[in-house]
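Below: one structure, written as C-alpha cells.
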Amino acid sequence: MKKVSIHAPLTRLLAGLHLHLEKYGQIDDIQKLQIPVSPVLLMEPSLDALVLIVQINANMWRRNGFSLISQIHFYHNVRCRSQMYDQDIKMLQIAASLLESNQFIIHLLNRFKLLSWARENFNSAVEELTAQKITIIIDELLFLLIIIIGERYVPGVGQVTIEDQVKREIIHQLCIQPMAHSDLIKNLHEDVNHETGAELVVRDVANFIKREESSKGLYELKPEFYQHFNPFFYHYQKTDQSKAEETQRKRKRLAKEDQALPPPEPPEFTKTFQPIIHLLDCDVMIHLMTTVLSRTRSRSHGSAESHLEKVFHLIGLALYEEIRQSKNEAGSDFEFIKKATTQSTNNGDSLYSLLETLVQQTADITLHDAQKDMLIWTLQLFKTVKHNENEVSTSVDSLDLSLLHSKAEAEKEKEQKRKEQAEARRARIMYQMSQLQKKFISQNANLFEETSSELNRSQSDMDISQPISTDQHVAIGRRQGALSSVLLETQTCILCQEEQQIKHDEQAMVMSGFIQRSSVLSKCQRWPIENKDSYDPLFMSPDLFLGAYTSTCGHMMHADCWQRYFDSLVAKQRRRLYRLQSISYNLNKGEYLCPLCETLSNTVIPLVPPPAYLTAANQREHTEASTLSFNEWLDAMQKTVTASTKNSEDSDNEDDFLLQPCPLPSIAKMLTESVAANLQKVYDYVLDDPNGHFEESICQMLKKYSSDIYSVTLDVLVNPDDPRFPIMTWSGAAYTIQVIEQQLRKGCKPLFGALTSRQNDALKSLIRLAAVSSQINNTDIVKQHCLKLLSALITKEQKLKEVPHILDIDMFHLLTQLVVASPILFFDGQWPTINTVSSGGVSDLHLVHLVLSAHLVQIMLMANPSRQDQSMEVEGERECKLLKIFNEVRTMAGCDRQGESQSHSQAQSQAQSQSCNVTEWWVVNYVTKACLPFLRCCAILFHFITGINPPAQLQECNIDEFVSLCTYLSLPTDLSDLFNMGENYHQLVASWCTNEEVKKLLVSVLPAGAGHGGNLKCLSNPLEVNHLLHLPDDYMELINAMASFKCPQSDGDESRAPTMCLICGTMLCYCCQTELDGGETVGAATEHAQTCGKGTGIFLRVRECKILLLTGITKGCFHSPPYIDDYGETDQGLRRGNPLHLCPERYKNLQNLWFSHSIPEEISRSLEHNTSLMVIEWQHL
C-alpha cells in the first residue's frame, strides 16, 4: 500500500521558488531547471495530501485517536497553511500551467477515482463507493478546480501585489461578520517579521466603528467592496463559508436585491501561469459541466445542489475570461463560448442549451431562490458575451427568462394572498372572542366588579396589601398606615415543582444564599481581629471594618428537597477521583451551586411570613391606643436599664450583670399610673398568646442560617451557646441594607424603584429573618444584648466597661439590633412566641427618635465648619434653632480645641467664636445631607418589616428625598424638634457630649484616632462610598511607576511580577510566600486578600496587564483589565504592544463587580466553564 503524508517539504520549496522565476526574468520555464521529473510527479505529493483530506471528509478513512484530525486542522489553520495548504495549491497551479489542460483534469479525475462517474453511462448503484461518498468527492473536486483557476491573488501567480493579497483576505474575513482588530489580525497570515500588513490597507476597504467608549471597535466592510466576495474562497473553513454566505444573502435581502452570489472578476494570470485559463475551455471541463447540468435536469441519483452552484461559478469564471480575451488585440485561442454552444452530449444538448432547459424546468427541479437568481445571472452574462458585448447589460434579450420571472412572481403573489387570508381569519377570530367577552361581562357584572375590587386591593409588589388610612405612607408610630388584609406568599419549589404557602406552621421553604465577609464599606480595610474567640460584635464600629453580606439568586426550594440535593452532591463528590473534583465550590465549607442557575451558594435562607401576619391581632390595637410619649418611654427605659444593672450588681460575679432584667410589672411600679398604663399597652401583646411557635423544620433552618453566618463572619467553629450567636444574624441584615443603600446611592438610583429582584428578595428575607431570629435563641441572652444596646444611649453615667462611647458606634446597626431585640425585653418565658416581633409601633418610633438624635450628635461633633460654603445664607427660625443646637453640642464637647494644654474656659470661648462664623444655611444643609444615608436605611428596614408602601417620591429619582423619608418614618422635617424634649433628654445629650473618651478623641485631628484604629475621615458623615484605587490614564505611567519596585524577599532585585492591590494600593510580589495563622503557605496576594478584603481580593498584575480575582485561599480567576488600546481591546500579556489607556466604563464595571460582592460568583463561573484554570495553584499567587 502506498504511504501517504500531508508533509511534502521538497515540492513545497520548489513551488515557492517557482513564483520568483518570472519576477527576476532569468528563467521563464520550470523545465529549464533541468529537473528530471515530470510535472505529474512533481504535483503528486501535494495531490496525495489533498486527496487524503477529501477521502477523510467523505468518511472513507478511520483512524484511532486525534493525531490525523489534528494534522488536518493545522493543515488549513492560519498558523501553518501558508507553508502547507497554500504551497500545495501553488504546486497544482504550476502543474496545470505545464500540462495540457485535458490531461491535467483527467489526472485529477483518476486520483479522485471519478473516471467512471464522468462517463455518461454511470450508474451509482453498481459502483463500489456509495452515492453519498461520491457526492462529497465530486463536490471537493469541483471546489479544487475553482481554487486552481480562480485563486490568483498571490504575487507571481496573478498580476497582484502583497497589498492586494492582504486586502482580499480582509474583505473575506469581514464578509463573515464585522470584526475587532485583534480578531481580524488573528485570522491573517504573519510574515517572517510577524507582521500581517493589515494596518497599511485595512482603512482602504473597511470603516472602523466604535459605538461605545467601553466596547470593542469593529471593522465593517465598505459597501463598494461587497462585490469582491467569493463564496468559494479557499481560506474559508466550512463553518466560515456557510456563515459568510448567509450574511451576504441577508444583506442582499434587506437591500431588496437578488440572492445570487456571483464570482468576482479575478485578476489576470502572470505569463507563466496564463495556460491555466484553458482549463475552462478544454473538452473535459465542458464535459464535466454538461454532465452536472444534465444530471441535475434529469434529477439523477447522485446529483446535488452544491454541484450546480460550483458549475455556475466555473461558468462565470469562464465568461469573465472570455470577456478579457476578447479585448486582447493580439487575438486569443480561448474558445469557451464556441464549445459551450456547439459541443453536445449524446442527447444533443450543449452547455448553453442545458442552461436554457433548466430555466424552463424550474417547476420540476427543486431550486431555492439563490440558485434561481444565480441561474438568471449566468444566463444574462452568457447572452452578453455571446452577443459580443463588453459589459454586462440588463437590457439583453430575456425571452427565455420570462418564464422563470413569471413563475417567481406567481409564487410571490400566492404567498402574499395566503398571508392576507391568514390575517383576515385571525381578525375574524379576535372579533368573535371580543364579542363573547363583552357578553360574558354583561351577564356576570356583579362577579366582575368583585374581581376588580380584589385586584385593586392587591396591587402591591409586597405580600401585604395597600394601606387604606389617610396616612397610608407612614411606616411606624401611631400614624402608621392601616392594613386591609395580609396576603401570604405562595412559592414553587424548583426541585419538586410543588407549590406551598409560606406560613409559620407549614413545611420550611428555603432560598439559596451566599454569605461572605466584607469590608467594602470600610476606609481602613487592614484592621484585623486580634482574638476571634473574645471579639464582641454587638457594637459595630462606625468604620464598618467587617461585616457579613448575604446575597441570593432568589430560587426557592423545600428544605427537605434542598437537603436531598446537597446530600447527593456530597455522595457524588466522594465517588469522583480527586483530580476530577470540582473546584468551583467547596463542599467541606457547605458550598454548592444553585440547582437552577448555578449561582455559588453556601447557605440557605429560610422563608418566613411577614411580621404583620405573625403579630397578634390586638397588638396594633394596643399600639394605637397607647399615648406613651417619648419622654415617658425614655424614662421607663432608663429605669429598666438602671434596675437591671442594680439587680445584677447584687451578684458576687461582676460579669453576671444584665442577665436578670426587671419584668414589666416591676418597672410599672416605678412609674406614674398613667405612664404605666400606656407602657402596658405598648408591651402587653407579648403576654397574650404564649402558644404560637414556628414549625420544627423552620426552626432548624433558622438555626442553620444563624450557624452559617456566625462561622463565616467570625471564622470560628459553630457554638450555639455563644452569646454572639444571635448578634450575627442582626448585624448581617443591617450590613446588607447599608451595602445595597450605598449601591443605589452610588448609581444615583431611587431608593425603592430600582431594586433588582435579587436585592429585593435578599432584603425581604434577611429583614424578616432577623425579626424572628429570637425564636431560636434564649430570651435571657437576647434581653442582655438589648439592655447593653440601650445602655449605650440612655444611661447618663456609663457603668459598663464594654459599652463604647457614642462616636465609636454605627447607629444603624444599633437601631436594627434594638428593633428586633426590644420586643423580647419584657417577655416572660424561656422561648418567645411568634407574636414577639417588631411591627413598627410606638416603641419602634421612639427607638428611631432616640438613635437618630444620637446620630445627629455624631454628625455635629464630627463636622468641619472650615469647609463650609459661604455662597448662600438663609435666615429663618428653623435654621436658627438648628444652628443653636449645633453650637451647644460642639461647645459641650469642646471639639474645637487645638491642644490639650488649653483650659476648659479657653476651649469653650474659642469654640463659640468659631461657631459664630458658621452660617445657618450651612448647618441645615450639612446635617440634612449627612443623615440621609441613615434615614434611607431606616426606610428600607421598616418597609420590609411593616409592608407599608413608601411614597411615590421614593420610587423615582428625586433630588430632595429628605421630606419624603421623614414623612414615611413619622419624623419631623425640622430636625431641631428632636431635641426639644425636656430637661431629662437635654441631660442625656449632654452626657453623650461630655464623655471623657469623646473629648479625648476631639482634642485634635489625630493621625490614628478613635475606636478600631480609624481616623476622623473614617468617622465623618455621611460615610463616603468607597471606590477602587485611582489609576493613571496612560498605562506607561503605571509601568514606569512600578519599575522601581523591589522584591521584599530579595537583595534589591526588581520584582518579576509586581502586583497592585486595587483596593488599598499596596504593591506585592507574587513570588513571595508567607504563612497564615494556620501554618499554610500562601502567596503574597492571597495573604493580603485575607486582611485587606476579608478573603476577597482584586489585583492588577502590572507587567501582564491582567486583573487577578481571588476569593478564599484556593480559588481565583483572571479578568479582563480596564486598559484598552485605540481599537477598544484589551491586551492581556502585552503581546500586541499597542499603547493602552484607561477606559472609565470598564473600570466602573470592575468597581461594581467588587462593590456588589460578585467576585466569588465570577470566580466560580470561570472555574466551572474554563477547565484550564483548574491547574493553577491560586493559593501561591
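Within each chain, counting starts at residue 1; across the C-alpha cells, chains are named A, B, ... in the order shown, with ligands numbered 1 upward in that order.
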
Could you go through stretch 88-286 of chain A and tell me which residues DSSP, when run on the backbone, assigns to alpha helix (DSSP H), listing them as an NGL selection string?
:A and (88-98 or 101-111 or 115-118 or 131-150 or 162-174 or 181-186 or 198-205 or 238-254 or 283-286)

Tell me which protein, DNA and RNA residues are within 10 Å of A:Asp721, counting only C-alpha atoms, leaving out same-chain ones fewer than 6 positions away, and put them as a ChimeraX atom specification.
/A:777-778,781

Given the selection you just returned, output its residues as a file containing N, CA and C atoms, formatted as a CSV table (one decimal), in the first residue's frame.
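Contents of part_5.csv, as written:
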chain,number,residue,atom,x,y,z
A,777,ASN,N,-33.4,31.5,69.9
A,777,ASN,CA,-32.4,32.0,70.9
A,777,ASN,C,-33.0,32.1,72.3
A,778,ASN,N,-32.2,31.9,73.3
A,778,ASN,CA,-32.6,32.0,74.6
A,778,ASN,C,-33.0,33.5,74.9
A,781,ILE,N,-30.4,35.7,76.8
A,781,ILE,CA,-29.3,36.3,76.1
A,781,ILE,C,-29.8,37.5,75.2

Could you work out how far atom CA of A:Leu1028 lies from atom CA of A:Cys1064, giving the answer in Å with one decimal?
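Result for atom CA of A:Cys1064 versus atom CA of A:Leu1028: 7.6 Å, one decimal.
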
Using only C-alpha atoms, which residues sit within 10 Å of A:Leu818 once same-chain residues fewer than 3 positions away are excluded, as a PyMOL selection string?
chain A and resi 730+785-790+812-815+821-823+825+838+844+847-848+851

Could you write out the selected residues, including N, CA and C atoms, as a PDB file, in the first residue's frame?
ATOM      1  N   TRP A 730     -28.526  39.616  63.223  1.00  0.00           N
ATOM      2  CA  TRP A 730     -28.966  41.013  63.217  1.00  0.00           C
ATOM      3  C   TRP A 730     -27.979  41.877  62.434  1.00  0.00           C
ATOM      4  N   HIS A 785     -28.475  41.438  75.542  1.00  0.00           N
ATOM      5  CA  HIS A 785     -27.990  42.248  74.426  1.00  0.00           C
ATOM      6  C   HIS A 785     -28.813  43.517  74.285  1.00  0.00           C
ATOM      7  N   CYS A 786     -30.127  43.414  74.455  1.00  0.00           N
ATOM      8  CA  CYS A 786     -30.990  44.584  74.309  1.00  0.00           C
ATOM      9  C   CYS A 786     -30.668  45.646  75.354  1.00  0.00           C
ATOM     10  N   LEU A 787     -30.464  45.222  76.583  1.00  0.00           N
ATOM     11  CA  LEU A 787     -30.150  46.180  77.638  1.00  0.00           C
ATOM     12  C   LEU A 787     -28.774  46.801  77.441  1.00  0.00           C
ATOM     13  N   LYS A 788     -27.813  46.013  76.971  1.00  0.00           N
ATOM     14  CA  LYS A 788     -26.490  46.587  76.665  1.00  0.00           C
ATOM     15  C   LYS A 788     -26.605  47.655  75.583  1.00  0.00           C
ATOM     16  N   LEU A 789     -27.390  47.359  74.548  1.00  0.00           N
ATOM     17  CA  LEU A 789     -27.565  48.325  73.462  1.00  0.00           C
ATOM     18  C   LEU A 789     -28.245  49.588  73.956  1.00  0.00           C
ATOM     19  N   LEU A 790     -29.261  49.451  74.798  1.00  0.00           N
ATOM     20  CA  LEU A 790     -29.935  50.621  75.342  1.00  0.00           C
ATOM     21  C   LEU A 790     -29.031  51.436  76.240  1.00  0.00           C
ATOM     22  N   PHE A 812     -26.905  52.806  62.716  1.00  0.00           N
ATOM     23  CA  PHE A 812     -27.917  51.989  62.062  1.00  0.00           C
ATOM     24  C   PHE A 812     -27.843  50.539  62.534  1.00  0.00           C
ATOM     25  N   HIS A 813     -26.646  50.017  62.740  1.00  0.00           N
ATOM     26  CA  HIS A 813     -26.540  48.684  63.331  1.00  0.00           C
ATOM     27  C   HIS A 813     -27.212  48.655  64.703  1.00  0.00           C
ATOM     28  N   LEU A 814     -26.971  49.705  65.474  1.00  0.00           N
ATOM     29  CA  LEU A 814     -27.565  49.780  66.808  1.00  0.00           C
ATOM     30  C   LEU A 814     -29.089  49.786  66.709  1.00  0.00           C
ATOM     31  N   LEU A 815     -29.642  50.583  65.792  1.00  0.00           N
ATOM     32  CA  LEU A 815     -31.094  50.658  65.642  1.00  0.00           C
ATOM     33  C   LEU A 815     -31.676  49.312  65.211  1.00  0.00           C
ATOM     34  N   ALA A 821     -34.676  43.185  68.813  1.00  0.00           N
ATOM     35  CA  ALA A 821     -34.489  42.585  70.139  1.00  0.00           C
ATOM     36  C   ALA A 821     -35.439  43.164  71.182  1.00  0.00           C
ATOM     37  N   SER A 822     -35.884  44.404  71.021  1.00  0.00           N
ATOM     38  CA  SER A 822     -36.698  45.045  72.059  1.00  0.00           C
ATOM     39  C   SER A 822     -38.040  44.357  72.302  1.00  0.00           C
ATOM     40  N   PRO A 823     -38.712  43.710  71.324  1.00  0.00           N
ATOM     41  CA  PRO A 823     -39.969  43.020  71.667  1.00  0.00           C
ATOM     42  C   PRO A 823     -39.804  41.902  72.688  1.00  0.00           C
ATOM     43  N   LEU A 825     -37.814  42.199  75.336  1.00  0.00           N
ATOM     44  CA  LEU A 825     -37.311  42.769  76.577  1.00  0.00           C
ATOM     45  C   LEU A 825     -38.201  42.440  77.768  1.00  0.00           C
ATOM     46  N   SER A 838     -41.176  42.781  65.865  1.00  0.00           N
ATOM     47  CA  SER A 838     -41.437  44.205  65.650  1.00  0.00           C
ATOM     48  C   SER A 838     -42.532  44.387  64.622  1.00  0.00           C
ATOM     49  N   ASP A 844     -41.069  51.361  68.371  1.00  0.00           N
ATOM     50  CA  ASP A 844     -40.111  51.474  67.273  1.00  0.00           C
ATOM     51  C   ASP A 844     -39.901  52.930  66.878  1.00  0.00           C
ATOM     52  N   LEU A 847     -37.593  54.428  69.357  1.00  0.00           N
ATOM     53  CA  LEU A 847     -36.226  53.956  69.110  1.00  0.00           C
ATOM     54  C   LEU A 847     -35.583  54.734  67.961  1.00  0.00           C
ATOM     55  N   VAL A 848     -36.331  54.952  66.906  1.00  0.00           N
ATOM     56  CA  VAL A 848     -35.795  55.723  65.784  1.00  0.00           C
ATOM     57  C   VAL A 848     -35.481  57.143  66.224  1.00  0.00           C
ATOM     58  N   VAL A 851     -32.204  56.991  68.456  1.00  0.00           N
ATOM     59  CA  VAL A 851     -30.973  56.678  67.722  1.00  0.00           C
ATOM     60  C   VAL A 851     -30.656  57.773  66.712  1.00  0.00           C
TER      61      VAL A 851
END

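If only C-alpha atoms are the atoms counted, then among A:Ser674, A:Trp1178, A:Leu488, A:Lys532 the closest residue to A:Tyr613 is A:Leu488.
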
Hey, which of A:Pro266, A:Pro1144, A:Pro275, A:Gly753 ends up closest to A:Asn949? Count only C-alpha atoms.
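Comparing A:Pro266, A:Pro1144, A:Pro275, A:Gly753 against A:Asn949, the winner is A:Gly753.
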
Residue among A:Ser442, A:Thr1096, A:Ser697, A:Ser242 lying closest to A:Pro606, counting only C-alpha atoms:
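Answer, going by the shortest atom-to-atom distance: A:Ser697.
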
Who sits within 10 Å of stretch 597-605 of chain A, only C-alpha atoms, same chain under 2 positions skipped, as a PyMOL selection string
chain A and resi 509-516+550-557+559+562+584-587+589-595+607-608+701-702+704-709+712+762+765-766+769+1158+1160-1165+1168

Between atom CA of A:Thr272 and atom CA of A:Arg111, measure the distance and give it in Å to one decimal.
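Distance between the two atoms: 25.2 Å.
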